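The next block holds one structure in the form of structure tokens; read it before the comments.
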Amino acid sequence: MSITLKNITKSYKKVTAVDDISFEVKPGELFGLIGPDGAGKTTLFRILTTLLFADKGEATVAGYDVVKDYKEIRKSVGYMPGRFSLYQDLTVEENLEFFATIFGTTIEENYDLIKDIYVQIEPFKKRRAGKLSGGMKQKLALSCALIHKPKVLFLDEPTTGVDPVSRKEFWDMLKRLNDKGITTLVSTPYMDEAALCDRIALIQEGKILKIDSPSNIIDQHEKQIYNVEAKDMYQLIQNLKEFPENESVYAFGEFVHYTHSNENFHPEKLEKFLSERDHKNISIKPTSPSIEDVFMDLARKKDVKPTENEA
Amino acid sequence: MKPEETVIEVENLTKKFGDFTAVNEISFKTYKGEIFGFLGANGAGKTTAMKMLIGISKPTSGEASVTGLDVFSQPDQIKKNIGYMSQKFSMYDDLTIKENITFFGGIYGLDRKTIKNKIKQIIESLGLEEVANKLVGALPLGWKQKLAFSVALLHDPKIVFLDEPTGGVDPITRRQFWELIYKQASQGTTIFVTTHYMDEAEYCDRVSIMVEGKIEALDTPKNLKTEYKVDSMDGVFLKLARNIE
């Protein structure tokens, strides 16, 4: 196994950031940690990259124990933290050379690994890292994390705050790296990115809601979801929430996703209910779930309340 | 949306930094009670454009007015008359919920009685009774953002600017947040919002997409999808941004 976690728990004062988490990442896998801010993703990354001790549990990375063999792990992994953490005053080229040197290698030695990514920023290699655009910083950070050919790559929210086009490009890069056999653990709050991973863990408030391949997670979701459409979205949401025995009502792009709390759902009854409330152009059609639907279904069962949380 | 009362009017608005044109002659209008989505790739000029509209950056040329106030000559009045919240800064973590509301109420010049009423109203409508005296820093992000939205509306502005209000927020709370937006818009407040979630673009009445400093598209989500022959706003966005390259 490339990564193993057994009953890992970590608390900060009163807040349990990571609560008894166990999972494994196989060699060559692209594994996604999918969850919102405060789920515990960064804490997990910091434990696995030996920057933080867990309170309880055990973990290994590339076969090494995160406590005993921390020095080995630091040599064997690449880590791209959520916050840009390269040297702003060094140029693109100097940053890359710096990281190659401290890991005892050269840019030339592993150039083929970063080539696809680095050529995109090479025209700016004399520019200081602090002066790069967000997208270019991201590519440089990834190049630096890869330059020593790590056994395991850790990417903590590489696409947060990034526009959809750049996000797509970044995932294309990840896919290509993964094809070269680099085991990758990546986290994201964007549910639509989950589909691109081999396996994912859905995580919220320090707990794992589910682990499997994206397609299994979707196939195993038994709740029938209906796409409901009508002219006035806001009123539609309000009225659907008044429909007897509704279970969940969530806006979903141009539709509202509706689930019923039991088997006795009759679309024609709902349609009548809505037209009595002056809705026009009503359409109710069954649809298949997305990862986001599954996530919300699992999270809703936990009943999230406004309690104290990690700041 | 009833396109009668104009809340923002922008004509050939431009901002240059040296040789670089960040915002290049953009023109648009937004109306009372409209949810206006302001989209674009990173670096397309959205933030610069927004800064000019909220009165903190002086345009190089062009014209713009917000709630009838001129961005060149009345930037300070604009700041008093609009609501603003962003993902990066919303409230003070070291103050309690009540203290934050009181503080921002004071900034907006509300009297004590109004502030007291507002505190009650906000705490009730968001169901925050149990945590009203807790520090804002201790709240989950989603709750913080819902509260920040209410605080941005304390002085009943005609328009509120939301800069990526839902980034990193869990999917359920993200939807609750949008229900607050809908509700506010249905009461006549104009919502000017940026987001990287393309499903949220679908919730807007109209959407503009900026590419390299220009507004390349501006229409209802439905019309944009028809025009670009795709079935989602994600598709529209990808097509526009990719075509330019």
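Chain labels follow the order of the structure tokens: the first chain is A, the next B, and so on; residue numbering restarts at 1 in every chain, and ligands are counted from 1 in their shown order.
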
With a distance threshold of 10 Å and counting only C-alpha atoms, extract the residues of chain A near chain B and express them as a PyMOL selection string.
-> chain A and resi 15+35-39+133-135+157+160-168+188-192+204-205+233-235+237-238+249-255+292-293+295-297+299-300+304-311

Could those residues be written to a file, using C-alpha atoms, as a PDB file, in the first residue's frame?
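Result saved to again-v5.pdb:
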ATOM      1  CA  VAL A  15     -12.542  20.514  18.216  1.00  0.00           C
ATOM      2  CA  GLY A  35     -15.298  17.628   1.285  1.00  0.00           C
ATOM      3  CA  PRO A  36     -15.910  21.238   2.292  1.00  0.00           C
ATOM      4  CA  ASP A  37     -13.717  23.515   4.411  1.00  0.00           C
ATOM      5  CA  GLY A  38     -13.417  22.266   7.972  1.00  0.00           C
ATOM      6  CA  ALA A  39     -13.793  18.605   6.950  1.00  0.00           C
ATOM      7  CA  SER A 133      -0.667  34.666 -12.116  1.00  0.00           C
ATOM      8  CA  GLY A 134      -2.614  32.173 -10.015  1.00  0.00           C
ATOM      9  CA  GLY A 135      -2.614  29.520 -12.718  1.00  0.00           C
ATOM     10  CA  GLU A 157      -6.901  21.704  -2.625  1.00  0.00           C
ATOM     11  CA  THR A 160      -9.701  25.943  -4.820  1.00  0.00           C
ATOM     12  CA  GLY A 161     -10.654  29.393  -6.090  1.00  0.00           C
ATOM     13  CA  VAL A 162      -9.580  28.407  -9.591  1.00  0.00           C
ATOM     14  CA  ASP A 163     -11.934  28.998 -12.525  1.00  0.00           C
ATOM     15  CA  PRO A 164     -13.560  26.028 -14.300  1.00  0.00           C
ATOM     16  CA  VAL A 165     -11.293  26.160 -17.359  1.00  0.00           C
ATOM     17  CA  SER A 166      -8.072  26.146 -15.339  1.00  0.00           C
ATOM     18  CA  ARG A 167      -9.507  23.468 -13.077  1.00  0.00           C
ATOM     19  CA  LYS A 168     -10.106  21.229 -16.077  1.00  0.00           C
ATOM     20  CA  THR A 188     -10.999  19.260  -3.283  1.00  0.00           C
ATOM     21  CA  PRO A 189     -14.201  20.955  -2.199  1.00  0.00           C
ATOM     22  CA  TYR A 190     -15.552  20.717  -5.778  1.00  0.00           C
ATOM     23  CA  MET A 191     -17.751  17.666  -6.043  1.00  0.00           C
ATOM     24  CA  ASP A 192     -17.619  17.586  -9.834  1.00  0.00           C
ATOM     25  CA  GLN A 204     -17.238  16.052   6.427  1.00  0.00           C
ATOM     26  CA  GLU A 205     -16.528  17.305   9.948  1.00  0.00           C
ATOM     27  CA  MET A 233     -37.077  28.721  -9.213  1.00  0.00           C
ATOM     28  CA  TYR A 234     -37.331  30.333  -5.772  1.00  0.00           C
ATOM     29  CA  GLN A 235     -41.060  29.683  -5.439  1.00  0.00           C
ATOM     30  CA  ILE A 237     -38.055  25.365  -4.018  1.00  0.00           C
ATOM     31  CA  GLN A 238     -40.376  26.817  -1.365  1.00  0.00           C
ATOM     32  CA  VAL A 249     -35.196  19.609  -2.090  1.00  0.00           C
ATOM     33  CA  TYR A 250     -31.976  20.953  -3.546  1.00  0.00           C
ATOM     34  CA  ALA A 251     -31.352  23.458  -6.308  1.00  0.00           C
ATOM     35  CA  PHE A 252     -29.204  21.813  -8.946  1.00  0.00           C
ATOM     36  CA  GLY A 253     -28.240  24.054 -11.835  1.00  0.00           C
ATOM     37  CA  GLU A 254     -31.351  24.805 -13.849  1.00  0.00           C
ATOM     38  CA  PHE A 255     -33.338  22.068 -12.045  1.00  0.00           C
ATOM     39  CA  GLU A 292     -22.930  15.857  -4.916  1.00  0.00           C
ATOM     40  CA  ASP A 293     -26.383  14.276  -4.476  1.00  0.00           C
ATOM     41  CA  PHE A 295     -22.748  13.655  -0.465  1.00  0.00           C
ATOM     42  CA  MET A 296     -25.742  15.754   0.528  1.00  0.00           C
ATOM     43  CA  ASP A 297     -27.823  12.665   1.261  1.00  0.00           C
ATOM     44  CA  ALA A 299     -24.389  14.637   5.174  1.00  0.00           C
ATOM     45  CA  ARG A 300     -28.055  15.393   5.778  1.00  0.00           C
ATOM     46  CA  VAL A 304     -25.336  19.518  10.766  1.00  0.00           C
ATOM     47  CA  LYS A 305     -25.994  22.155  13.414  1.00  0.00           C
ATOM     48  CA  PRO A 306     -24.210  25.417  14.127  1.00  0.00           C
ATOM     49  CA  THR A 307     -21.826  24.272  16.815  1.00  0.00           C
ATOM     50  CA  GLU A 308     -18.267  25.255  17.524  1.00  0.00           C
ATOM     51  CA  ASN A 309     -15.905  24.307  14.801  1.00  0.00           C
ATOM     52  CA  GLU A 310     -12.404  24.741  13.514  1.00  0.00           C
ATOM     53  CA  ALA A 311     -11.907  28.382  12.588  1.00  0.00           C
TER      54      ALA A 311
END

Find the residues around segment 61-76 of chain B up to 12 Å (only C-alpha atoms counted), leave out those fewer than 2 positions away in its own chain, and share them as a VMD selection string.
-> chain B and resid 5 to 16 21 23 to 32 49 to 59 78 to 83 157 to 161 189 to 190 192

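For the residues A:Phe45, A:Phe99, A:Phe265, A:Phe243, ranking by smallest atom-to-atom distance to Tyr226 of chain A using only C-alpha atoms places A:Phe265 first.
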
Residue contacts of Ile208 of chain A (10 Å, only C-alpha atoms) excluding same-chain residues fewer than 4 positions away, as an MDAnalysis selection string = chainID A and resid 18:23 33:35 39:40 201:204

Residues within 9 Å of segment 128-130 of chain A, only C-alpha atoms, excluding chain neighbours under 2 positions, as a list in words |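 Contacts, with the query itself left out: Leu86, Tyr87, Gln88, Asp89, Leu90, Thr91, Val92, Glu93, Glu94, Asn95, Phe124, Lys125, Lys126, Leu132, Ser133, Met136, Lys137 and Leu140 of chain A.
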
Point out the residue among B:Thr114, B:Thr166, B:Thr226, B:Asn100 with the least atom-to-atom distance to Val151 of chain B, counting only C-alpha atoms.
->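 Using only C-alpha atoms, Val151 of chain B sits closest to B:Asn100.
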
Could you pull out all residues of segment 185-284 of chain A with a DSSP call of helix (DSSP H, G or I) and give them as a PyMOL selection string?
-> chain A and resi 191-196+214-219+233-242+267-275

Atom CA of Gln121 of chain B and atom CA of Glu242 of chain A are how many Å apart?
->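 Taking atom CA of Gln121 of chain B and atom CA of Glu242 of chain A, their separation equals 23.6 Å.
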
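Of the residues under consideration (A:Thr183, A:Gly206, A:Ala194, A:Thr287), A:Gly206 shows the shortest atom-to-atom contact distance to Ser11 of chain A when counting only C-alpha atoms.
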
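The coordinates place atom CA of Val256 of chain A at 17.9 Å from atom CA of Thr220 of chain B.
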